[in-house]
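Chemist: Data: input28.txt, compact mmCIF, C-alpha atoms.
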```txt
# COMPACT_ATOMS: atom_id res chain seq x y z
CA MET A 1 -75.38 5.76 31.82
CA PRO A 2 -74.75 4.39 35.34
CA SER A 3 -74.34 0.64 35.63
CA TRP A 4 -77.39 0.18 37.87
CA LEU A 5 -79.61 1.86 35.27
CA ARG A 6 -78.18 -0.26 32.44
CA ALA A 7 -78.88 -3.36 34.50
CA LEU A 8 -82.42 -2.21 35.25
CA LEU A 9 -83.23 -1.50 31.61
CA ALA A 10 -81.70 -4.78 30.42
CA ASN A 11 -83.65 -6.68 33.08
CA PHE A 12 -86.98 -5.18 32.09
CA ALA A 13 -86.21 -5.61 28.39
CA LEU A 14 -85.64 -9.35 28.82
CA TRP A 15 -88.80 -9.78 30.86
CA THR A 16 -90.75 -7.76 28.29
CA LEU A 17 -89.59 -10.28 25.68
CA VAL A 18 -90.85 -13.14 27.87
CA CYS A 19 -94.19 -11.34 28.26
CA ALA A 20 -94.41 -10.84 24.51
CA LEU A 21 -93.95 -14.59 23.97
CA ALA A 22 -96.54 -15.37 26.63
CA GLY A 23 -98.92 -12.92 24.93
CA ILE A 24 -98.54 -14.84 21.66
CA THR A 25 -99.56 -18.06 23.44
CA THR A 26 -102.67 -16.61 25.08
CA TYR A 27 -103.66 -14.70 21.95
CA GLY A 28 -103.61 -17.93 20.00
CA ASP A 29 -106.05 -19.49 22.48
CA ARG A 30 -108.38 -16.47 22.66
CA ILE A 31 -111.17 -18.06 20.56
CA GLU A 32 -111.50 -21.14 22.77
CA SER A 33 -111.40 -19.07 25.96
CA GLY A 34 -113.74 -16.39 24.66
CA ASP A 35 -111.19 -13.65 25.39
CA THR A 36 -111.81 -10.55 23.29
CA ARG A 37 -108.70 -8.60 24.32
CA SER A 38 -106.09 -7.56 21.78
CA TYR A 39 -102.59 -9.02 21.67
CA TRP A 40 -101.12 -5.90 23.24
CA GLN A 41 -103.62 -6.02 26.08
CA MET A 42 -102.70 -9.63 26.73
CA THR A 43 -99.00 -8.83 26.67
CA ALA A 44 -99.53 -5.92 29.05
CA GLY A 45 -101.42 -8.26 31.36
CA TRP A 46 -98.52 -10.69 31.47
CA TRP A 47 -96.11 -7.82 32.02
CA PHE A 48 -98.14 -6.72 35.04
CA GLY A 49 -98.30 -10.30 36.32
CA TYR A 50 -94.55 -10.83 35.97
CA SER A 51 -93.64 -7.46 37.48
CA ALA A 52 -92.90 -9.11 40.83
CA MET A 53 -90.37 -11.44 39.19
CA MET A 54 -88.87 -8.52 37.29
CA LEU A 55 -88.16 -6.71 40.54
CA GLN A 56 -86.87 -9.90 42.17
CA SER A 57 -84.37 -10.64 39.41
CA TYR A 58 -83.11 -7.07 39.42
CA MET A 59 -82.71 -7.10 43.23
CA LEU A 60 -80.91 -10.44 42.94
CA TYR A 61 -78.48 -8.94 40.41
CA MET A 62 -77.75 -5.91 42.58
CA VAL A 63 -77.28 -8.01 45.73
CA TYR A 64 -74.75 -10.27 44.01
CA ARG A 65 -73.04 -7.22 42.52
CA ARG A 66 -72.58 -5.90 46.05
CA HIS A 67 -71.54 -9.28 47.47
CA PRO A 68 -69.58 -11.13 44.75
CA GLU A 69 -68.10 -13.42 47.42
CA TRP A 70 -71.49 -15.15 47.58
CA LEU A 71 -70.67 -16.61 44.15
CA ALA A 72 -67.29 -17.93 45.24
CA SER A 73 -68.36 -21.59 45.54
CA MET A 74 -71.06 -23.95 44.29
CA ARG A 75 -72.29 -24.40 47.87
CA ARG A 76 -72.90 -20.68 48.23
CA VAL A 77 -74.59 -20.52 44.84
CA GLY A 78 -76.83 -23.44 45.81
CA LEU A 79 -77.82 -21.82 49.10
CA GLY A 80 -78.53 -18.57 47.28
CA TYR A 81 -80.74 -20.43 44.82
CA LEU A 82 -82.77 -22.04 47.61
CA ALA A 83 -83.14 -18.71 49.39
CA TYR A 84 -84.23 -17.05 46.15
CA LEU A 85 -86.91 -19.69 45.58
CA ALA A 86 -88.11 -19.51 49.18
CA VAL A 87 -88.61 -15.75 48.97
CA GLY A 88 -89.40 -15.30 45.29
CA TRP A 89 -91.77 -18.17 44.54
CA PRO A 90 -94.67 -17.09 46.82
CA THR A 91 -94.23 -13.46 45.77
CA ALA A 92 -94.23 -14.38 42.08
CA MET A 93 -97.39 -16.45 42.50
CA LEU A 94 -99.11 -13.56 44.25
CA GLY A 95 -98.12 -11.28 41.38
CA LEU A 96 -99.88 -13.58 38.92
CA ALA A 97 -102.87 -13.84 41.23
CA PHE A 98 -103.31 -10.06 41.37
CA ARG A 99 -103.11 -10.03 37.57
CA ARG A 100 -105.90 -12.62 37.44
CA CYS A 101 -108.04 -10.50 39.80
CA VAL A 102 -107.70 -7.49 37.52
CA LYS A 103 -108.38 -9.61 34.43
CA PHE A 104 -111.67 -10.99 35.80
CA ASP A 105 -112.68 -7.75 37.54
CA ILE A 106 -112.28 -9.22 41.03
CA ASP A 107 -111.44 -7.00 43.96
CA PRO A 108 -107.56 -7.19 44.06
CA THR A 109 -107.22 -7.90 47.78
CA PHE A 110 -104.65 -10.13 49.41
CA GLY A 111 -107.34 -12.60 50.40
CA ASN A 112 -108.70 -12.96 46.88
CA ALA A 113 -105.17 -13.25 45.46
CA TRP A 114 -104.19 -15.90 47.99
CA THR A 115 -107.35 -17.87 47.29
CA TYR A 116 -106.38 -17.98 43.63
CA VAL A 117 -102.81 -19.05 44.51
CA ALA A 118 -104.15 -21.91 46.60
CA THR A 119 -106.32 -23.15 43.72
CA MET A 120 -103.74 -22.83 40.93
CA ASP A 121 -103.04 -26.04 39.06
CA LYS A 122 -99.64 -27.71 39.17
CA LEU A 123 -98.70 -26.52 35.66
CA GLU A 124 -98.85 -22.86 36.72
CA TRP A 125 -96.72 -23.62 39.77
CA PHE A 126 -94.20 -25.43 37.56
CA ILE A 127 -94.07 -22.58 35.03
CA GLU A 128 -93.33 -20.09 37.81
CA TYR A 129 -90.61 -22.39 39.14
CA VAL A 130 -89.02 -22.65 35.66
CA LEU A 131 -89.08 -18.87 35.17
CA LEU A 132 -87.56 -18.21 38.59
CA THR A 133 -84.85 -20.80 37.95
CA MET A 134 -84.07 -19.29 34.53
CA ALA A 135 -83.88 -15.79 36.03
CA PHE A 136 -81.53 -16.98 38.76
CA GLY A 137 -79.35 -18.90 36.29
CA ILE A 138 -79.07 -15.96 33.88
CA VAL A 139 -78.13 -13.53 36.66
CA VAL A 140 -75.53 -15.86 38.16
CA ALA A 141 -74.07 -16.82 34.75
CA LEU A 142 -73.80 -13.16 33.73
CA LEU A 143 -72.06 -12.14 36.95
CA LEU A 144 -69.68 -15.11 36.88
CA TRP A 145 -68.82 -14.27 33.27
CA ARG A 146 -68.12 -10.66 34.23
CA GLN A 147 -65.98 -11.78 37.15
CA ARG A 148 -64.02 -14.07 34.84
CA ARG A 149 -63.48 -11.27 32.32
CA GLN A 150 -62.31 -8.93 35.07
CA GLN A 151 -59.92 -11.57 36.39
CA ASP A 152 -58.59 -12.17 32.87
CA ARG A 153 -58.02 -8.43 32.41
CA GLN A 154 -56.26 -8.17 35.75
CA LEU A 155 -54.09 -11.18 34.89
CA ALA A 156 -53.29 -9.72 31.47
CA GLN A 157 -52.34 -6.40 33.05
CA ALA A 158 -50.16 -8.17 35.62
CA LEU A 159 -48.41 -10.17 32.88
CA LEU A 160 -47.96 -7.03 30.78
CA SER A 161 -46.45 -5.24 33.75
CA LEU A 162 -44.12 -8.18 34.36
CA GLU A 163 -43.07 -8.28 30.71
CA ARG A 164 -42.35 -4.55 30.77
CA GLN A 165 -40.22 -5.00 33.86
CA ARG A 166 -38.33 -7.83 32.18
CA LEU A 167 -37.89 -5.74 29.03
CA ALA A 168 -36.59 -2.84 31.12
CA ALA A 169 -34.12 -5.22 32.77
CA VAL A 170 -32.89 -6.48 29.38
CA ARG A 171 -32.55 -2.91 28.12
CA GLY A 172 -30.65 -2.06 31.28
CA GLN A 173 -28.18 -4.78 30.30
CA LEU A 174 -27.94 -3.94 26.60
CA GLU A 175 -27.29 -0.23 26.95
CA PRO A 176 -24.24 -0.46 29.24
CA HIS A 177 -23.08 -3.49 27.23
CA PHE A 178 -23.11 -1.45 24.02
CA ILE A 179 -21.50 1.57 25.68
CA PHE A 180 -18.76 -0.56 27.24
CA ASN A 181 -17.79 -2.30 24.02
CA THR A 182 -17.97 0.89 21.94
CA LEU A 183 -15.78 2.73 24.42
CA SER A 184 -13.34 -0.16 24.12
CA ALA A 185 -13.16 0.57 20.38
CA ILE A 186 -12.48 4.27 21.10
CA GLY A 187 -9.84 3.25 23.61
CA ALA A 188 -8.11 1.20 20.93
CA LEU A 189 -8.00 4.30 18.68
CA VAL A 190 -6.45 6.31 21.51
CA ARG A 191 -3.81 3.63 22.03
CA MET A 192 -2.98 3.94 18.33
CA ASP A 193 -2.03 7.57 19.17
CA ASP A 194 -4.12 8.90 16.31
CA LYS A 195 -5.88 11.95 17.73
CA ALA A 196 -7.80 12.72 14.53
CA LEU A 197 -9.24 9.22 14.39
CA ALA A 198 -9.98 9.27 18.11
CA LEU A 199 -11.85 12.57 17.83
CA ASP A 200 -13.77 11.31 14.80
CA GLY A 201 -14.57 8.16 16.75
CA LEU A 202 -15.87 10.16 19.71
CA ALA A 203 -18.13 12.18 17.40
CA ARG A 204 -19.51 9.00 15.87
CA LEU A 205 -19.91 7.51 19.33
CA GLY A 206 -22.10 10.46 20.31
CA ASP A 207 -24.42 9.79 17.37
CA LEU A 208 -24.58 6.09 18.19
CA LEU A 209 -25.32 6.69 21.85
CA GLU A 210 -28.06 9.15 20.98
CA TYR A 211 -29.82 6.52 18.88
CA ALA A 212 -29.23 3.77 21.42
CA LEU A 213 -30.70 5.80 24.27
CA THR A 214 -33.66 7.30 22.38
CA SER A 215 -34.66 4.08 20.62
CA SER A 216 -34.59 2.16 23.89
CA GLU A 217 -37.60 4.19 25.01
CA SER A 218 -39.70 2.49 22.31
CA ASP A 219 -40.78 -1.13 22.05
CA TRP A 220 -40.53 -1.10 18.24
CA VAL A 221 -38.49 0.82 15.69
CA ALA A 222 -38.26 0.68 11.91
CA ALA A 223 -35.86 -2.04 10.80
CA GLY A 224 -34.44 0.39 8.24
CA LYS A 225 -33.39 2.68 11.10
CA GLU A 226 -31.74 -0.28 12.80
CA LEU A 227 -29.75 -0.99 9.64
CA GLU A 228 -28.64 2.67 9.48
CA PHE A 229 -27.48 2.31 13.07
CA VAL A 230 -25.51 -0.81 12.13
CA ARG A 231 -23.86 1.00 9.22
CA SER A 232 -22.84 3.86 11.55
CA TYR A 233 -21.46 1.34 14.01
CA LEU A 234 -19.43 -0.29 11.24
CA ASP A 235 -18.10 3.12 10.19
CA LEU A 236 -16.85 3.60 13.73
CA GLN A 237 -15.18 0.18 13.69
CA ARG A 238 -13.50 0.95 10.35
CA LEU A 239 -11.71 3.85 12.05
CA ARG A 240 -10.14 1.22 14.24
CA PHE A 241 -9.57 -1.69 11.85
CA GLY A 242 -9.17 0.14 8.55
CA GLU A 243 -8.97 -2.04 5.45
CA ARG A 244 -8.84 -5.18 7.57
CA LEU A 245 -12.62 -4.98 7.96
CA LYS A 246 -14.66 -5.82 4.88
CA VAL A 247 -18.46 -5.84 5.00
CA ARG A 248 -21.05 -6.98 2.50
CA ILE A 249 -24.76 -6.26 3.03
CA ALA A 250 -27.32 -7.87 0.70
CA GLY A 251 -31.08 -7.49 0.54
CA ALA A 252 -31.21 -4.20 2.46
CA HIS A 253 -33.91 -2.96 0.07
CA LEU A 254 -36.39 -5.35 1.71
CA LEU A 255 -36.47 -3.13 4.76
CA ASP A 256 -37.84 -0.28 2.64
CA ASP A 257 -41.21 -2.11 2.55
CA GLY A 258 -41.70 -1.20 6.19
CA ILE A 259 -41.02 -3.70 8.95
CA ASP A 260 -40.62 -3.08 12.66
CA CYS A 261 -38.34 -4.82 15.11
CA PRO A 262 -37.24 -4.29 18.71
CA PRO A 263 -34.51 -1.65 19.04
CA MET A 264 -30.86 -2.65 19.34
CA LEU A 265 -31.57 -6.03 17.73
CA LEU A 266 -29.14 -6.13 14.78
CA GLN A 267 -26.05 -4.39 16.13
CA PRO A 268 -25.16 -7.15 18.64
CA LEU A 269 -24.91 -9.61 15.72
CA ILE A 270 -22.21 -7.45 14.10
CA GLU A 271 -20.51 -6.86 17.41
CA ASN A 272 -20.41 -10.60 18.07
CA ALA A 273 -18.79 -11.19 14.67
CA LEU A 274 -16.07 -8.61 15.44
CA ARG A 275 -15.33 -9.85 18.94
CA HIS A 276 -14.96 -13.46 17.90
CA ASP A 277 -12.92 -12.91 14.77
CA LEU A 278 -11.30 -9.60 13.87
CA GLU A 279 -10.39 -8.65 17.42
CA CYS A 280 -8.68 -12.00 17.91
CA HIS A 281 -5.96 -11.69 15.24
CA GLU A 282 -4.03 -9.19 13.13
CA GLY A 283 -5.18 -10.29 9.67
CA ASP A 284 -8.08 -9.32 7.46
CA SER A 285 -11.65 -10.45 7.95
CA ASP A 286 -15.05 -10.05 6.39
CA ILE A 287 -18.61 -9.90 7.62
CA ASP A 288 -21.55 -10.90 5.42
CA MET A 289 -24.99 -9.63 6.31
CA ALA A 290 -27.99 -10.75 4.23
CA PHE A 291 -31.71 -10.00 4.46
CA THR A 292 -34.21 -12.35 2.81
CA ARG A 293 -37.97 -12.59 2.94
CA HIS A 294 -39.93 -15.84 2.85
CA GLY A 295 -43.65 -15.15 2.88
CA ASP A 296 -44.48 -13.43 6.14
CA ARG A 297 -41.02 -13.93 7.68
CA LEU A 298 -37.79 -11.96 7.53
CA THR A 299 -34.47 -13.77 7.84
CA VAL A 300 -31.27 -11.97 8.81
CA GLN A 301 -27.98 -13.85 8.40
CA VAL A 302 -24.64 -12.61 9.70
CA SER A 303 -21.57 -14.70 9.03
CA ASN A 304 -17.83 -14.27 9.63
CA PRO A 305 -14.73 -16.48 9.48
CA ALA A 306 -14.44 -18.89 12.40
CA ARG A 307 -10.90 -19.68 13.51
CA MET A 308 -10.61 -22.69 15.78
CA HIS A 309 -7.97 -21.25 18.11
CA ALA A 310 -9.15 -17.66 18.26
CA ALA A 311 -9.99 -16.49 21.76
CA PRO A 312 -12.70 -13.85 22.14
CA SER A 313 -11.63 -10.47 23.39
CA ALA A 314 -12.76 -8.98 26.65
CA GLY A 315 -16.36 -7.87 26.89
CA LEU A 316 -19.54 -8.30 28.86
CA GLY A 317 -20.56 -11.34 26.81
CA ILE A 318 -24.31 -10.76 26.79
CA GLY A 319 -24.84 -9.86 23.12
CA LEU A 320 -26.53 -13.02 21.79
CA ARG A 321 -28.15 -13.77 25.14
CA GLY A 322 -29.61 -10.28 25.09
CA ILE A 323 -31.00 -10.82 21.57
CA ARG A 324 -32.71 -14.06 22.59
CA ALA A 325 -34.25 -12.35 25.61
CA ARG A 326 -35.54 -9.49 23.43
CA LEU A 327 -37.01 -11.95 20.92
CA GLN A 328 -38.83 -13.87 23.62
CA LEU A 329 -40.31 -10.69 25.08
CA ALA A 330 -41.32 -9.22 21.74
CA TYR A 331 -42.42 -12.28 19.75
CA GLY A 332 -42.73 -15.18 22.16
CA ASP A 333 -41.89 -18.39 20.29
CA ALA A 334 -42.56 -16.81 16.87
CA ALA A 335 -38.94 -15.58 16.44
CA THR A 336 -35.69 -17.51 16.66
CA LEU A 337 -31.94 -16.96 16.75
CA ALA A 338 -29.83 -19.91 15.62
CA THR A 339 -26.04 -20.16 15.45
CA SER A 340 -23.90 -22.70 13.61
CA ARG A 341 -20.43 -23.34 12.16
CA ALA A 342 -20.02 -24.54 8.58
CA GLY A 343 -17.38 -24.20 5.89
CA GLY A 344 -14.99 -22.39 8.22
CA ARG A 345 -17.51 -19.67 9.04
CA PHE A 346 -19.70 -18.83 12.00
CA LEU A 347 -23.34 -18.10 11.11
CA ALA A 348 -25.97 -16.34 13.19
CA GLU A 349 -29.46 -16.56 11.68
CA LEU A 350 -32.31 -14.44 12.93
CA SER A 351 -35.87 -15.30 11.86
CA LEU A 352 -38.64 -12.76 12.55
CA PRO A 353 -42.34 -12.43 11.73
CA TRP A 354 -42.95 -9.66 9.24
CA ARG A 355 -44.43 -6.99 11.51
CA SER A 356 -45.39 -4.00 9.39
CA GLN A 357 -45.27 -0.47 10.66
CA PRO A 358 -48.65 1.02 11.62
```
Kindly present the structure from the file in structure tokens form.
Modeler:
Amino acid sequence: MPSWLRALLANFALWTLVCALAGITTYGDRIESGDTRSYWQMTAGWWFGYSAMMLQSYMLYMVYRRHPEWLASMRRVGLGYLAYLAVGWPTAMLGLAFRRCVKFDIDPTFGNAWTYVATMDKLEWFIEYVLLTMAFGIVVALLLWRQRRQQDRQLAQALLSLERQRLAAVRGQLEPHFIFNTLSAIGALVRMDDKALALDGLARLGDLLEYALTSSESDWVAAGKELEFVRSYLDLQRLRFGERLKVRIAGAHLLDDGIDCPPMLLQPLIENALRHDLECHEGDSDIDMAFTRHGDRLTVQVSNPARMHAAPSAGLGIGLRGIRARLQLAYGDAATLATSRAGGRFLAELSLPWRSQP
């Protein structure tokens, strides 16, 4: 249904309701006035009398729809109101006068109608003024509300577009960051002059890159898939570090309940633990990863030994910063990443809302 027709039908429906209420009033007074008409005849009479105001309010709506700038300030609205009264009030009074001519079987001429308008009491003039003011107020309020909704939608779309651009920028950082550091691991295998390990590492790298590139096209992925990706990444690192790397993962079964998270969210935590510990010395090391659920929140903890004099190896250095940016884009302030040192270990703690898969 076209918008102009919806507006026309809604306009006449509201005025019909007003006429129905006016019919109730006159029908209640029919005995004193000696009126023998039925309620429906009285309502139809009011509908005919208010037809001028019906057309006026509809024309007002369409004019403001065509010229929304006329609602841009209170001064313009006030001038529009005065103009509406100046044009609409006399016309509305004449509409009631013609109705009165028909009711009392008087010749419905302009002269007879105007004579009745001139002799109307002040209450009838006031009622017409109130109805015109209500019609103007409803039309203006409705259009201002629609303008506000449209502005809110446009603002929301602009913010969504901006957030998508920011997310694309963060992804553009994370993908080369991951590729760079993973290639560094393959390079270390090559320097070890172990062709079998290097070839195995390249094969695993292909699988990792496939996931990294395909998952980056989605805003959300299953957290269980992210954990599988982390396990594959650790398998690749074990080719390089061998028995020096020990990993414990607890609470992984919680992810079977179905929870989503942004892609490439967990792997940087493991990568950070490797860069700041195992890559800085020749001894053994361990990484603890634990998943716990507290009500509607999921906590991910990754800890590793923290040596005071260990210098981080070369890298792009955007892992944790990238995670915080992803959290802000995906969850706002509802997710956090905290880091601390205690008991000779470095701890990264990720707290997420439990966002179930659709």
Chemist: I'd like to know which of A:Leu82, A:Val300, A:Ala113, A:Leu9 is closest to A:Ala97, using all atoms listed in the file.
Modeler: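 Answer, going by the shortest atom-to-atom distance: A:Ala113.
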Chemist: Please provide as a list of chain:residue names all residues within 10 Å of A:Pro305, with the sequence filter that same-chain residues fewer than 4 positions apart are discarded (counting only C-alpha atoms).
Modeler: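 So the residues in contact are A:Ala273, A:Leu274, A:His276, A:Asp277, A:Leu278, A:Asp284, A:Ser285, A:Asp286, A:Ile287, A:Asp288, A:Arg341, A:Ala342, A:Gly343, A:Gly344, A:Arg345, A:Phe346, A:Leu347.
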Chemist: Of the candidates A:Leu239, A:Pro353, A:Leu320, A:Leu94, which shows the shortest atom-to-atom distance to A:Met120, using all atoms listed in the file?
Modeler: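 Using all atoms listed in the file, the shortest distance to A:Met120 belongs to A:Leu94.
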Chemist: Using Å and a single decimal, report how far atom CA of A:Pro90 sits from atom CA of A:Arg65.
Modeler: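 Separation between atom CA of A:Arg65 and atom CA of A:Pro90: 24.2 Å.
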Chemist: I'd like the neighbourhood of stretch 259-261 of chain A as a PyMOL selection string, where a residue qualifies if any of its atoms comes within 12 Å (using all atoms listed in the file), though same-chain residues fewer than 2 positions away should be ignored.
Modeler: chain A and resi 215-216+218-227+252-257+263-266+293+296-298+300+323+326-327+329-331+335+350-358
Chemist: For A:Gly80, which residue among A:Phe126, A:Tyr61, A:Tyr233, A:Trp15 is the nearest when counting all atoms listed in the file?
Modeler: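 Ranked by minimum distance to A:Gly80, first place goes to A:Tyr61.
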Chemist: Please report the interatomic distance between atom CA of A:Leu155 and atom CA of A:Asp333 in Å with one decimal.
Modeler: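 A separation of 20.3 Å between them.
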